[in-house]
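**Q** So I've got this file, my_file.txt, and it contains compact mmCIF, C-alpha atoms:
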# COMPACT_ATOMS: atom_id res chain seq x y z
CA MET T 1 16.96 20.07 8.41
CA ASN T 2 14.01 21.18 10.55
CA ALA T 3 11.07 18.97 11.49
CA LEU T 4 8.80 20.07 8.65
CA GLU T 5 11.54 19.69 6.03
CA LYS T 6 11.92 16.04 7.04
CA PHE T 7 8.45 15.35 5.63
CA SER T 8 9.38 16.64 2.16
CA LEU T 9 9.58 14.11 -0.68
CA LYS T 10 10.95 16.60 -3.19
CA GLY T 11 13.15 14.85 -5.74
CA LYS T 12 11.99 11.37 -4.71
CA THR T 13 10.62 8.72 -7.06
CA ALA T 14 7.79 6.54 -5.78
CA ILE T 15 6.20 3.42 -7.26
CA VAL T 16 2.60 2.97 -6.12
CA THR T 17 0.87 -0.22 -7.20
CA GLY T 18 -2.90 -0.05 -7.49
CA ALA T 19 -2.69 3.73 -7.94
CA THR T 20 -5.36 4.02 -10.61
CA ARG T 21 -8.11 4.22 -7.98
CA GLY T 22 -9.00 3.69 -4.33
CA LEU T 23 -6.40 3.62 -1.59
CA GLY T 24 -3.48 3.51 -4.00
CA GLN T 25 -4.70 6.61 -5.80
CA GLY T 26 -5.17 8.50 -2.53
CA ILE T 27 -1.63 7.60 -1.45
CA ALA T 28 -0.09 8.45 -4.83
CA ILE T 29 -1.65 11.90 -4.84
CA GLY T 30 -0.56 12.47 -1.24
CA LEU T 31 3.04 11.55 -2.06
CA ALA T 32 2.92 13.87 -5.08
CA GLU T 33 1.63 16.69 -2.88
CA ALA T 34 4.69 16.14 -0.69
CA GLY T 35 6.97 16.43 -3.72
CA ALA T 36 7.43 12.93 -5.14
CA ASP T 37 7.32 11.90 -8.78
CA ILE T 38 4.94 8.99 -9.26
CA VAL T 39 5.00 5.67 -11.08
CA CYS T 40 1.41 4.44 -11.22
CA VAL T 41 1.06 0.67 -11.66
CA GLY T 42 -2.36 -0.72 -12.54
CA ARG T 43 -4.51 -2.13 -15.30
CA SER T 44 -7.53 0.20 -15.12
CA ASP T 45 -7.89 3.75 -16.46
CA ASP T 46 -5.26 5.98 -14.87
CA SER T 47 -6.39 9.31 -16.34
CA GLU T 48 -7.67 10.74 -13.04
CA THR T 49 -4.48 9.85 -11.19
CA ARG T 50 -2.33 11.25 -13.98
CA SER T 51 -4.29 14.51 -14.09
CA LYS T 52 -4.05 15.07 -10.34
CA VAL T 53 -0.35 14.22 -10.10
CA GLU T 54 0.66 16.31 -13.12
CA SER T 55 -1.44 19.26 -11.92
CA LEU T 56 0.93 19.38 -8.94
CA GLY T 57 3.91 19.76 -11.28
CA ARG T 58 5.20 16.25 -10.64
CA GLN T 59 6.52 13.81 -13.22
CA TYR T 60 4.32 10.80 -13.88
CA LEU T 61 4.76 7.37 -15.46
CA ASN T 62 1.98 4.82 -15.98
CA LEU T 63 2.88 1.14 -16.19
CA ARG T 64 -0.14 -0.89 -17.28
CA LEU T 65 0.97 -4.20 -15.80
CA ASP T 66 -0.58 -6.96 -13.69
CA VAL T 67 1.47 -7.16 -10.49
CA GLY T 68 0.46 -10.80 -10.21
CA GLU T 69 2.46 -11.75 -13.29
CA GLU T 70 5.74 -13.43 -12.38
CA SER T 71 7.88 -11.03 -14.41
CA ALA T 72 6.05 -7.85 -13.32
CA PRO T 73 8.12 -6.81 -10.26
CA GLU T 74 11.40 -6.84 -12.16
CA GLN T 75 9.80 -5.02 -15.11
CA ILE T 76 8.24 -2.35 -12.91
CA VAL T 77 11.48 -1.52 -11.12
CA ARG T 78 13.54 -1.65 -14.33
CA LYS T 79 11.20 0.66 -16.24
CA THR T 80 11.06 3.05 -13.29
CA VAL T 81 14.84 3.32 -13.16
CA GLU T 82 15.08 3.67 -16.94
CA HIS T 83 12.63 6.60 -16.82
CA PHE T 84 13.62 8.38 -13.59
CA GLY T 85 17.16 7.14 -13.01
CA LYS T 86 16.46 5.80 -9.52
CA LEU T 87 13.89 4.49 -7.07
CA ASP T 88 13.33 5.82 -3.54
CA ILE T 89 9.90 4.62 -2.40
CA LEU T 90 7.68 1.61 -3.02
CA VAL T 91 4.04 1.46 -1.92
CA ASN T 92 2.29 -1.88 -2.36
CA ALA T 93 -1.38 -0.88 -2.53
CA ALA T 94 -2.67 -3.28 -5.20
CA GLY T 95 -5.11 -5.77 -3.74
CA ILE T 96 -8.16 -7.90 -4.41
CA THR T 97 -10.68 -9.85 -2.36
CA ARG T 98 -13.36 -12.51 -2.72
CA ARG T 99 -16.46 -12.27 -0.52
CA VAL T 100 -17.21 -15.94 0.14
CA MET T 101 -17.83 -17.81 3.38
CA ALA T 102 -14.89 -20.01 4.47
CA ILE T 103 -16.99 -23.16 4.07
CA ASP T 104 -17.60 -22.30 0.40
CA ILE T 105 -14.30 -20.83 -0.82
CA ASP T 106 -12.69 -22.73 -3.68
CA ARG T 107 -9.02 -23.15 -4.43
CA LYS T 108 -9.00 -20.71 -7.36
CA ASP T 109 -10.48 -17.81 -5.37
CA TRP T 110 -8.11 -18.57 -2.49
CA GLN T 111 -5.07 -18.63 -4.76
CA ASP T 112 -6.08 -15.58 -6.81
CA VAL T 113 -6.18 -13.42 -3.68
CA LEU T 114 -2.90 -14.70 -2.26
CA ASP T 115 -1.16 -14.30 -5.63
CA VAL T 116 -1.89 -10.55 -5.70
CA ASN T 117 -2.06 -9.57 -2.03
CA LEU T 118 0.88 -11.57 -0.75
CA THR T 119 3.08 -13.18 -3.40
CA ALA T 120 3.17 -10.19 -5.76
CA LEU T 121 3.63 -7.84 -2.81
CA PHE T 122 6.64 -9.77 -1.53
CA PHE T 123 8.35 -9.94 -4.90
CA MET T 124 7.75 -6.22 -5.42
CA CYS T 125 9.51 -5.66 -2.08
CA GLN T 126 12.35 -7.93 -3.16
CA ALA T 127 12.79 -6.17 -6.51
CA ALA T 128 12.74 -2.74 -4.86
CA ALA T 129 15.19 -3.85 -2.17
CA ARG T 130 17.61 -5.15 -4.78
CA GLN T 131 17.49 -1.77 -6.51
CA PHE T 132 17.99 0.09 -3.22
CA ILE T 133 21.04 -2.07 -2.50
CA LYS T 134 22.41 -1.43 -5.98
CA GLN T 135 21.96 2.33 -5.56
CA GLY T 136 23.23 2.47 -1.98
CA GLY T 137 21.65 4.75 0.61
CA GLY T 138 18.62 2.66 1.50
CA GLY T 139 14.97 3.19 0.65
CA LYS T 140 11.41 3.12 1.92
CA ILE T 141 8.84 0.36 1.43
CA ILE T 142 5.22 0.73 2.57
CA ASN T 143 2.91 -2.27 2.47
CA ILE T 144 -0.84 -1.99 2.82
CA GLY T 145 -2.35 -4.32 5.38
CA SER T 146 -5.84 -4.24 6.85
CA MET T 147 -7.82 -4.58 10.05
CA THR T 148 -7.66 -8.28 9.15
CA SER T 149 -3.93 -8.06 9.82
CA TYR T 150 -5.12 -8.04 13.46
CA GLN T 151 -8.50 -9.81 13.49
CA GLY T 152 -10.37 -12.44 11.56
CA GLY T 153 -13.03 -10.69 9.52
CA ILE T 154 -16.09 -12.36 7.98
CA LYS T 155 -16.57 -13.72 4.43
CA VAL T 156 -13.02 -12.79 3.38
CA ILE T 157 -10.89 -15.77 4.45
CA PRO T 158 -8.18 -15.51 1.73
CA TYR T 159 -7.99 -11.74 2.21
CA THR T 160 -7.58 -12.24 5.96
CA ALA T 161 -4.83 -14.79 5.40
CA SER T 162 -2.99 -12.50 3.01
CA LYS T 163 -3.19 -9.37 5.15
CA ALA T 164 -2.12 -11.15 8.34
CA ALA T 165 0.88 -12.44 6.41
CA VAL T 166 1.68 -8.97 5.03
CA ARG T 167 2.05 -7.62 8.57
CA ASN T 168 4.40 -10.45 9.51
CA ILE T 169 6.59 -10.42 6.42
CA THR T 170 6.94 -6.66 6.89
CA MET T 171 8.57 -7.40 10.24
CA HIS T 172 10.70 -10.16 8.73
CA MET T 173 12.06 -7.95 5.95
CA CYS T 174 12.87 -5.25 8.51
CA ASN T 175 14.88 -7.80 10.49
CA GLU T 176 16.97 -8.68 7.46
CA TRP T 177 17.31 -5.34 5.68
CA ALA T 178 17.31 -2.56 8.30
CA ALA T 179 20.88 -2.33 9.60
CA LYS T 180 22.64 -4.01 6.68
CA TYR T 181 21.02 -2.00 3.89
CA ASN T 182 19.23 0.94 5.59
CA ILE T 183 15.95 -0.21 4.05
CA HIS T 184 12.78 0.72 5.93
CA VAL T 185 9.82 -1.65 5.56
CA ASN T 186 6.60 -0.59 7.26
CA CYS T 187 2.90 -1.24 6.86
CA ILE T 188 -0.33 0.76 7.00
CA ALA T 189 -3.45 -1.06 8.17
CA PRO T 190 -6.51 0.85 6.93
CA GLY T 191 -9.80 0.53 8.73
CA TYR T 192 -13.13 0.51 6.96
CA MET T 193 -12.60 2.58 3.82
CA ILE T 194 -14.98 3.86 1.14
CA THR T 195 -13.61 2.24 -2.02
CA ASN T 196 -14.86 0.12 -4.90
CA MET T 197 -13.62 -2.97 -3.07
CA THR T 198 -15.89 -2.35 -0.08
CA ALA T 199 -19.00 -1.55 -2.15
CA PRO T 200 -20.49 -5.06 -1.71
CA MET T 201 -20.08 -4.86 2.05
CA ARG T 202 -21.53 -1.35 2.17
CA SER T 203 -24.59 -2.66 0.34
CA GLU T 204 -25.42 -4.93 3.32
CA PRO T 205 -27.40 -2.86 5.91
CA SER T 206 -26.72 -5.29 8.75
CA ARG T 207 -22.95 -5.19 8.19
CA MET T 208 -22.97 -1.41 7.92
CA ALA T 209 -24.89 -1.06 11.19
CA GLU T 210 -22.46 -3.42 12.89
CA THR T 211 -19.32 -1.64 11.69
CA ASN T 212 -20.57 1.89 12.34
CA THR T 213 -20.98 1.13 16.05
CA ARG T 214 -17.41 -0.15 16.19
CA ILE T 215 -15.70 3.00 14.87
CA PRO T 216 -15.12 5.64 17.57
CA MET T 217 -14.91 8.39 14.93
CA GLU T 218 -18.32 7.24 13.65
CA ARG T 219 -17.42 7.36 9.98
CA TRP T 220 -15.70 5.26 7.36
CA GLY T 221 -12.37 6.47 6.06
CA THR T 222 -11.50 7.74 2.60
CA PRO T 223 -8.38 7.12 0.49
CA GLU T 224 -7.23 10.66 1.36
CA ASP T 225 -7.11 9.66 5.02
CA LEU T 226 -4.10 7.44 4.30
CA ALA T 227 -1.97 10.18 2.73
CA GLY T 228 -0.51 11.54 5.97
CA ALA T 229 0.67 8.16 7.24
CA ALA T 230 2.13 7.33 3.83
CA ILE T 231 4.02 10.62 3.60
CA PHE T 232 5.41 10.06 7.09
CA LEU T 233 6.60 6.52 6.34
CA ALA T 234 8.05 7.54 2.97
CA SER T 235 9.96 10.52 4.35
CA ASP T 236 13.03 11.18 6.49
CA ALA T 237 10.67 11.91 9.39
CA SER T 238 10.26 8.14 9.90
CA ASP T 239 13.94 7.20 9.78
CA TYR T 240 13.74 5.38 13.14
CA VAL T 241 10.47 3.59 12.36
CA ASN T 242 10.94 0.12 10.90
CA GLY T 243 9.00 -3.13 10.82
CA PHE T 244 5.87 -1.51 12.25
CA THR T 245 2.22 -1.49 11.19
CA ILE T 246 0.33 1.78 11.68
CA ALA T 247 -3.44 1.51 11.92
CA VAL T 248 -5.40 4.26 10.16
CA ASP T 249 -8.78 3.10 11.35
CA GLY T 250 -10.74 5.87 13.07
CA GLY T 251 -10.03 4.15 16.39
CA PHE T 252 -11.50 0.79 15.40
CA LEU T 253 -8.82 -1.28 17.12
CA ALA T 254 -9.10 0.80 20.29
CA LYS T 255 -12.71 -0.24 20.88
CA SER T 256 -13.40 -3.62 22.44
Could you show the structure in this file as structure tokens?
**A**
Amino acid sequence: MNALEKFSLKGKTAIVTGATRGLGQGIAIGLAEAGADIVCVGRSDDSETRSKVESLGRQYLNLRLDVGEESAPEQIVRKTVEHFGKLDILVNAAGITRRVMAIDIDRKDWQDVLDVNLTALFFMCQAAARQFIKQGGGGKIINIGSMTSYQGGIKVIPYTASKAAVRNITMHMCNEWAAKYNIHVNCIAPGYMITNMTAPMRSEPSRMAETNTRIPMERWGTPEDLAGAAIFLASDASDYVNGFTIAVDGGFLAKS
């Protein structure tokens, strides 16, 4: 297999949570472009994702489930295997935030964010890993972190807590699953991205001015900017990459 062939996802089945829009949608379409069939998990309208994936000639399954529900991870993996016969790739892109100062955050907002961004993510990883072990041959898991996996952020304290934890549990799962099961668990940390989630922040001129001066590439990213890193981590090209978080941030972390 030559270098370019290692990036092919032809014949692979990928679950992407949060794939109805935003970063998850950009990743799902990128994986489909590389050859993967897609399981889109999300509660909002998936018609755009479906249209783009199927236009590439890939198979597509929509699971309209809330990843935060306790039974969802097992259901998602089971329905994927029932439909496609196997699972090869999991991308945990579903996420929420609450823009509240730390002094004002209440317990419900705190818990809501952790339930989706951290607890649901972990149990999706666990369910996928159990399926990989059952199948034999390993598998690829990609978690979505954030710049707040590395720094504190402002007005997003539960989001920061969840994304810092995602980076660390990615390393922990690698430690337990790499050699024994040939499971690769890595993370992508997006920088400032143009999505529905960041619309409130982008509506604040002072915050926009502050962030624009911190990005060496002098632009915010788009969901499509994550596709290359996701394809790499989902493919054979990354077979010796494990437990690592790749920043896709326009150079944000490089600038002091």
**Q** Considering all atoms listed in the file, can you say which of T:Cys125, T:Ala189, T:Ile103, T:Leu226 comes closest to Gln151 of chain T?
**A** T:Ala189
**Q** Which residue gives the smallest distance to Val53 of chain T among T:Tyr192, T:Lys140, T:Thr20, T:Ala72, with only C-alpha atoms counted?
**A**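 Among T:Tyr192, T:Lys140, T:Thr20, T:Ala72, it is T:Thr20 that comes nearest to Val53 of chain T.
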**Q** Provide the atom CA of Ile169 of chain T to atom CA of Tyr150 of chain T distance in Å, to one decimal place.
**A** 13.9 Å
**Q** Record the distance separating atom CA of Val100 of chain T and atom CA of Ser206 of chain T, expressed in Å with one decimal.
**A** 16.7 Å
**Q** Would you work out the distance separating atom CA of Met101 of chain T from atom CA of Gly153 of chain T, expressed in Å to one decimal?
**A**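 Distance between the two atoms: 10.6 Å.
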**Q** Report as a PyMOL selection string all protein, DNA and RNA residues lying within 7 Å of Asp109 of chain T, evaluated on all atoms listed in the file, omitting residues in the same chain fewer than 4 positions from it.
**A** chain T and resi 98+105+113
**Q** I'd like the neighbourhood of Asn2 of chain T as an mmCIF file with C-alpha atoms, keeping the file's coordinate frame, where a residue qualifies if any of its atoms comes within 12 Å (using all atoms listed in the file), though same-chain residues fewer than 4 positions away should be ignored.
**A**
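Contents of result_33.cif, as written:
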data_model
loop_
_atom_site.group_PDB
_atom_site.id
_atom_site.type_symbol
_atom_site.label_atom_id
_atom_site.label_comp_id
_atom_site.auth_asym_id
_atom_site.auth_seq_id
_atom_site.Cartn_x
_atom_site.Cartn_y
_atom_site.Cartn_z
ATOM 1 C CA LYS T 6 11.920 16.040 7.040
ATOM 2 C CA PHE T 7 8.450 15.350 5.630
ATOM 3 C CA SER T 8 9.380 16.640 2.160
ATOM 4 C CA ASP T 236 13.030 11.180 6.490
ATOM 5 C CA ALA T 237 10.670 11.910 9.390
#
**Q** Within 12 Å of Ala230 of chain T, counting all atoms listed in the file, which residues show up once you throw out same-chain ones fewer than 5 positions away? Write them as an NGL selection string, please.
**A** :T and (7-9 or 14 or 16 or 23-34 or 36 or 89-93 or 140-144 or 185-190 or 223-225 or 235-238 or 245-248)
**Q** Taking 6 positions as the minimum chain separation for residues in the same chain, which residues sit within 7 Å of Gly250 of chain T when counting only C-alpha atoms? Answer as a PyMOL selection string.
**A** chain T and resi 191+215-217
**Q** For Glu82 of chain T, which residue out of T:Ala3, T:Ala129, T:Leu61, T:Met193 is the nearest one, using only C-alpha atoms?
**A**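 Distance minimum relative to Glu82 of chain T lands on T:Leu61.
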**Q** Which one is closest to Asn62 of chain T: T:Thr119, T:Gln75, T:Ser47, T:Ser162? Count only C-alpha atoms.
**A** T:Ser47
**Q** Between T:Leu118, T:Leu65, T:Ala102, T:Leu87, single out the one closest to Gln135 of chain T, counting all atoms listed in the file.
**A**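 With all atoms listed in the file as the atom set, the closest residue is T:Leu87.
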**Q** Pick from T:Val241, T:Ile231, T:Val81, T:Val166: nearest to Ile183 of chain T, with only C-alpha atoms counted?
**A** T:Val241
**Q** Counting all atoms listed in the file, which residues sit no farther than 12 Å from the position (-20.1, 1.4, 19.4) in the file's frame? I'd like them as a list in words.
**A**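 Neighbouring residues, ordered by chain and number, come to Ala209, Glu210, Thr211, Asn212, Thr213, Arg214, Ile215, Pro216, Met217, Glu218, Arg219, Gly251, Phe252, Leu253, Ala254, Lys255 and Ser256 of chain T.
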